[in-house]
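Down below is the structure, laid out as structure tokens.
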Amino acid sequence: MLSRRRFTLTSAALTAAMFSLPACTRPSERLTEDLSSEMGLTESGLPIVTEELTLTFGGAKSPLAPEYETMQLVQTWEEDSGISITWNNEPDEVWGEKKNLLLASGELPDALFNTGLTDAEVAKYGANGTLIALEDLIAENAPTLSGILERRPDIRAAITASDGHIYTLPSVEEMGLVEFPSMMFLNTDWLARYGLAMPTTVEEYHQVLLAFQAEGPAGVLPLSFIGAGAICDLIAALGGQPDVPDHRIVQDGTVVFTADKDGFRDAIAQLHTWYTEGLIDQEAFAQDYVKFIAKGTAEPQILGSFCFWEVPEVVGPEQADQYAIVPIFPGPDGVRRACVVSNQEINRGAFAISRTNEYAAATVRWADMLFDPVMSAQANWGPIGVTQQENAEGLLEQIPVGEGETEQERRVKVSPGGPKIITAEDFETVVLPEPRAAARQAQIAEHYAPHRANEKFPPVMLSVEELDQVSTIEADVQTFVSEKVATWIVKGGIEAEWDGYVSQLRTMGLPDLLGVWQGAYDRFTAAG
């Protein structure tokens with residue numbers, strides 16, 4: 001068997017490799033000739049090769065996931081393709097550190113699976129040739145992916161760097177869930193107990209929180225959340241303008257920064273009043289997930305209202321039916337605004353090939369195997385017969401989980417992720433959403449989608465030059481805004497400091513940042 005060594009680095013090897021790295025390499029250049037044909041690369045279908053071939057993959061995985069080679073689906077991939085994989089996937093936080101060493105040293109696996117690459121890393125290591133350009137390989141060796149990209153130019157645009165090359169393959173799951181990541185929930189048991197109705201305006205909601213504060217149990221928290229990014233819809237209702245966690249939205253084709261607008265100022269000032277009234281959790285801007293969940297599961301219940309992805313995760317499944325979604329409130333002008341966050345359903349960075357890979361064509365064929373929609377569904381949720389089954393209509397559906405296990409806990413044990421595409425159409429013809437996902441889709445359709453307030457910023461890749469220009473500005477601006485918002489809600493003072501704050505944002509380079517964002521947005525929309 002032709003085998004590839006595992007990649008491990010000593011400090012000496014790392015230093016030597018760093019100094020031996022070529023200074024300049026064209027993006028599409030590889031250090032080795034493609035030898036796929038010598039391994040009996042087939043013209044199409046499976047197996048991919050007729051000779052024994054082993055490749056080395058590295059990347060991230062869930063801390064709860066077993067070793068990939070033990071997964072049934074991974075073993076199926078090996079049997080079907082004729083290609084063995086030596087897996088070096090590590091838990092996310094471990095891989096984050098190892099990835100940086102590998103990229104800097106040139107001591108690379110053949111491919112990265114669940115790469116964990118940032119856009120800046122893709123741009124940098126694509127430009128210097130560490131990651132090879134894939135567009136020609138896709139055209140020649142990936143018929144399934146090529147067909148999808150032909151039908152979906154927006155997916156092609158999302159994975160294409162500003163230099164025109166494709167360096168990573170995508171992971172796509174189009175269920176319409178991630179645009180509204182934080183919903184507001186209210187304790188309906190308390191509403192009934194105190195003779196209150198579900199509020200329909202922000203002022204009615206304010207009065208409900210005051211009632212919870214006055215009548216609730218010891219330690220009551222009328223409203224809790226994790227950071228101001230979780231209460232964007234409330235800010236929109238108070239200020240009459242949309243807001244999102246990074247304060248970057250698109251309206252009528254124009255990229256807009258929301259945190260220097262008068263409506264934003266008015267909302268933050270009102271939230272300070274609520275804070276002084278004892279309605280907002282004093283730890284809302286500093287608490288982590290663990291502390292937040294501990295409050296949700298406390299006995300007796302102390303949460304009157306909270307903002308999060310879903311209810312059961314916060315208060316536990318036993319108490320979940322005691323909370324209901326709060327409707328989107330109209331703003332001062334009577335318009336309801338559900339803020340659309342720029343979380344993407346088209347994600348790049350699922351798979352990349354390094355320049356040391358001697359079998360790039362076979363590797364791309366292997367990845368293309370995963371873009372078949374049935375296989376993509378299994379990579380995402382687990383294999384047929386284990387977590388999924390075919391229903392009477394021929395669609396894959398989830399097999400109910402056993403007692404004492406959640407869908408998510410089971411999923412990470414059997415589904416490796418990686419490159420995949422499950423489009424909105426596939427959810428009608430191939431696979432049904434998980435029950436919890438279907439429930440959230442219904443919630444969004446009823447409460448949020450009818451009141452979309454903005455367009456989201458698309459999954460555009462900035463160039464190395466653009467990243468150099470704005471990365472420091474963006475980090476400084478986001479930190480500055482986050483600190484000021486938390487301070488203003490807790491201590492007040494936004495009215496007196498507002499003009500100086502807006503001026504400081506300009507001095508920090510906000511106009512330049514907006515200019516780069518607008519240029520990137522225009523480039524993306526023209527390509528897609």
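So you can find residues: chains in the structure tokens are A, B, ... in the order shown, residues in each start at 1, and ligands are numbered from 1 in order.
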Exercise. Name all residues at most 10 Å from Leu103 of chain A (count only C-alpha atoms; drop same-chain ones fewer than 5 positions away) and give them as JSON, numbers by chain.
Key: {"A": [18, 98, 108, 109, 121, 125, 130, 131, 354]}
Put those residues in a file: all heavy atoms, as a PDB file, in the first residue's frame.
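selection.pdb written:
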```pdb
ATOM      1  N   MET A  18       9.892  26.313   8.385  1.00  0.00           N
ATOM      2  CA  MET A  18       9.522  27.705   8.155  1.00  0.00           C
ATOM      3  C   MET A  18      10.570  28.399   7.300  1.00  0.00           C
ATOM      4  O   MET A  18      10.248  29.178   6.410  1.00  0.00           O
ATOM      5  CB  MET A  18       9.356  28.434   9.489  1.00  0.00           C
ATOM      6  CG  MET A  18       8.117  28.013  10.267  1.00  0.00           C
ATOM      7  SD  MET A  18       7.986  28.809  11.866  1.00  0.00           S
ATOM      8  CE  MET A  18       7.757  30.520  11.373  1.00  0.00           C
ATOM      9  N   LYS A  98      -2.958  23.952  15.974  1.00  0.00           N
ATOM     10  CA  LYS A  98      -2.152  23.125  15.072  1.00  0.00           C
ATOM     11  C   LYS A  98      -2.199  23.653  13.639  1.00  0.00           C
ATOM     12  O   LYS A  98      -1.183  23.642  12.934  1.00  0.00           O
ATOM     13  CB  LYS A  98      -2.644  21.681  15.114  1.00  0.00           C
ATOM     14  CG  LYS A  98      -1.897  20.762  14.159  1.00  0.00           C
ATOM     15  CD  LYS A  98      -2.346  19.321  14.284  1.00  0.00           C
ATOM     16  CE  LYS A  98      -1.706  18.670  15.473  1.00  0.00           C
ATOM     17  NZ  LYS A  98      -1.964  17.206  15.505  1.00  0.00           N
ATOM     18  N   LEU A 108       2.435  19.895   5.582  1.00  0.00           N
ATOM     19  CA  LEU A 108       0.995  19.908   5.337  1.00  0.00           C
ATOM     20  C   LEU A 108       0.417  18.527   5.093  1.00  0.00           C
ATOM     21  O   LEU A 108       1.081  17.661   4.502  1.00  0.00           O
ATOM     22  CB  LEU A 108       0.701  20.773   4.107  1.00  0.00           C
ATOM     23  CG  LEU A 108       1.125  22.240   4.204  1.00  0.00           C
ATOM     24  CD1 LEU A 108       1.137  22.865   2.819  1.00  0.00           C
ATOM     25  CD2 LEU A 108       0.172  22.990   5.114  1.00  0.00           C
ATOM     26  N   PRO A 109      -0.836  18.299   5.505  1.00  0.00           N
ATOM     27  CA  PRO A 109      -1.542  17.100   5.063  1.00  0.00           C
ATOM     28  C   PRO A 109      -1.903  17.241   3.590  1.00  0.00           C
ATOM     29  O   PRO A 109      -1.784  18.324   3.009  1.00  0.00           O
ATOM     30  CB  PRO A 109      -2.784  17.092   5.944  1.00  0.00           C
ATOM     31  CG  PRO A 109      -3.037  18.533   6.239  1.00  0.00           C
ATOM     32  CD  PRO A 109      -1.679  19.169   6.345  1.00  0.00           C
ATOM     33  N   GLU A 121      -6.966  33.750   6.035  1.00  0.00           N
ATOM     34  CA  GLU A 121      -6.041  32.640   5.800  1.00  0.00           C
ATOM     35  C   GLU A 121      -6.216  32.068   4.408  1.00  0.00           C
ATOM     36  O   GLU A 121      -5.229  31.723   3.741  1.00  0.00           O
ATOM     37  CB  GLU A 121      -6.251  31.567   6.863  1.00  0.00           C
ATOM     38  CG  GLU A 121      -5.772  31.982   8.241  1.00  0.00           C
ATOM     39  CD  GLU A 121      -6.234  31.049   9.340  1.00  0.00           C
ATOM     40  OE1 GLU A 121      -7.235  30.330   9.142  1.00  0.00           O
ATOM     41  OE2 GLU A 121      -5.594  31.039  10.407  1.00  0.00           O
ATOM     42  N   TYR A 125      -2.993  32.126   2.078  1.00  0.00           N
ATOM     43  CA  TYR A 125      -2.356  30.864   1.702  1.00  0.00           C
ATOM     44  C   TYR A 125      -2.781  30.385   0.325  1.00  0.00           C
ATOM     45  O   TYR A 125      -2.130  29.516  -0.247  1.00  0.00           O
ATOM     46  CB  TYR A 125      -2.624  29.819   2.779  1.00  0.00           C
ATOM     47  CG  TYR A 125      -1.937  30.163   4.081  1.00  0.00           C
ATOM     48  CD1 TYR A 125      -2.663  30.639   5.171  1.00  0.00           C
ATOM     49  CD2 TYR A 125      -0.554  30.051   4.198  1.00  0.00           C
ATOM     50  CE1 TYR A 125      -2.021  30.987   6.356  1.00  0.00           C
ATOM     51  CE2 TYR A 125       0.090  30.405   5.376  1.00  0.00           C
ATOM     52  CZ  TYR A 125      -0.645  30.868   6.449  1.00  0.00           C
ATOM     53  OH  TYR A 125      -0.003  31.216   7.614  1.00  0.00           O
ATOM     54  N   THR A 130       0.158  27.875  -0.915  1.00  0.00           N
ATOM     55  CA  THR A 130       0.045  26.798   0.076  1.00  0.00           C
ATOM     56  C   THR A 130      -1.203  25.965  -0.182  1.00  0.00           C
ATOM     57  O   THR A 130      -1.185  24.732  -0.066  1.00  0.00           O
ATOM     58  CB  THR A 130       0.006  27.389   1.498  1.00  0.00           C
ATOM     59  OG1 THR A 130       1.211  28.131   1.720  1.00  0.00           O
ATOM     60  CG2 THR A 130      -0.124  26.303   2.546  1.00  0.00           C
ATOM     61  N   LEU A 131      -2.296  26.644  -0.526  1.00  0.00           N
ATOM     62  CA  LEU A 131      -3.513  25.970  -0.967  1.00  0.00           C
ATOM     63  C   LEU A 131      -3.588  26.080  -2.482  1.00  0.00           C
ATOM     64  O   LEU A 131      -3.353  27.164  -3.035  1.00  0.00           O
ATOM     65  CB  LEU A 131      -4.753  26.634  -0.347  1.00  0.00           C
ATOM     66  CG  LEU A 131      -4.771  26.778   1.166  1.00  0.00           C
ATOM     67  CD1 LEU A 131      -6.035  27.528   1.597  1.00  0.00           C
ATOM     68  CD2 LEU A 131      -4.691  25.422   1.843  1.00  0.00           C
ATOM     69  N   SER A 354      -3.730  20.868  -0.286  1.00  0.00           N
ATOM     70  CA  SER A 354      -2.430  21.531  -0.137  1.00  0.00           C
ATOM     71  C   SER A 354      -1.564  21.279  -1.364  1.00  0.00           C
ATOM     72  O   SER A 354      -1.779  20.334  -2.127  1.00  0.00           O
ATOM     73  CB  SER A 354      -1.718  21.018   1.115  1.00  0.00           C
ATOM     74  OG  SER A 354      -1.185  19.727   0.883  1.00  0.00           O
TER      75      SER A 354
END
```
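Running DSSP on the backbone and keeping only strand (DSSP E or B), the residues of segment 261-323 of chain A that qualify are Ile280, Leu303, Ser305, Phe306, Cys307, Phe308 and Tyr323 of chain A.
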Expected file: the selected residues, C-alpha atoms, as a PDB file, in the first residue's frame:
```pdb
ATOM      1  CA  ILE A 280     -32.118  43.763  32.626  1.00  0.00           C
ATOM      2  CA  LEU A 303     -36.196  33.996  34.010  1.00  0.00           C
ATOM      3  CA  SER A 305     -37.930  36.700  29.409  1.00  0.00           C
ATOM      4  CA  PHE A 306     -34.751  35.856  27.533  1.00  0.00           C
ATOM      5  CA  CYS A 307     -33.191  35.982  24.080  1.00  0.00           C
ATOM      6  CA  PHE A 308     -31.527  32.888  22.633  1.00  0.00           C
ATOM      7  CA  TYR A 323     -42.245  29.911  27.405  1.00  0.00           C
TER       8      TYR A 323
END
```
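Of the listed residues (A:Gly334, A:Pro91, A:Pro373, A:Pro458), A:Pro373 comes nearest to Glu425 of chain A; the distances count only C-alpha atoms.
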What are the nearest atom pairs, with distances in Å to one decimal, for all residues of segment 456-517 of chain A that come at most 10 Å from segment 228-236 of chain A, using only C-alpha atoms, set out by chain and rising residue number as CSV?
```
residue,atom,partner,partner_atom,distance
A:Ser482,CA,A:Ala228,CA,7.9
A:Val485,CA,A:Ala228,CA,7.7
A:Ala486,CA,A:Ala228,CA,7.5
A:Ile489,CA,A:Ala228,CA,9.6
```
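The residue that comes closest to Thr423 of chain A, out of A:Asp281, A:Ala158, A:Ile148, A:Met508 and on the basis of only C-alpha atoms, is A:Ile148.
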Exercise. Select from segment 162-303 of chain A everything DSSP, run on the backbone, classes as alpha helix (DSSP H), then give the selection as number ranges by chain.
Key: A: 188-193, 202-215, 232-239, 262-276, 289-296
Practice problem: Pick out the residues sitting within 10 Å of Val464 of chain A, and hand them over as a VMD selection string; count only C-alpha atoms, and ignore anything fewer than 5 positions along from it in its own chain. | Solution: chain A and resid 119 to 127 161 to 163 469
Since we have the selection now, will you write its residues out, keeping C-alpha atoms, as a compact mmCIF listing (two decimals), in the first residue's frame?
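Full text of again-v1.txt as output:
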```
# COMPACT_ATOMS: atom_id res chain seq x y z
CA ASP A 119 -11.13 34.29 4.98
CA ALA A 120 -7.82 36.01 5.68
CA GLU A 121 -6.04 32.64 5.80
CA VAL A 122 -7.68 31.47 2.58
CA ALA A 123 -6.63 34.69 0.84
CA LYS A 124 -3.08 34.54 2.20
CA TYR A 125 -2.36 30.86 1.70
CA GLY A 126 -4.14 30.74 -1.61
CA ALA A 127 -2.14 33.68 -2.90
CA ALA A 161 -11.60 34.58 -4.05
CA SER A 162 -11.07 38.11 -5.32
CA ASP A 163 -8.24 36.86 -7.57
CA GLN A 469 -6.61 47.78 4.70
```
Practice problem: Kindly indicate which residue among A:Val412, A:Gln301, A:Gln282, A:Arg152 lies nearest to Asp189 of chain A, using only C-alpha atoms for the distances. | Solution: A:Gln301
Quiz prompt | Of the listed residues A:Glu466, A:Glu474, A:Glu446, A:Asp499, that which approaches Gly519 of chain A most closely, counting only C-alpha atoms | solution = A:Glu466
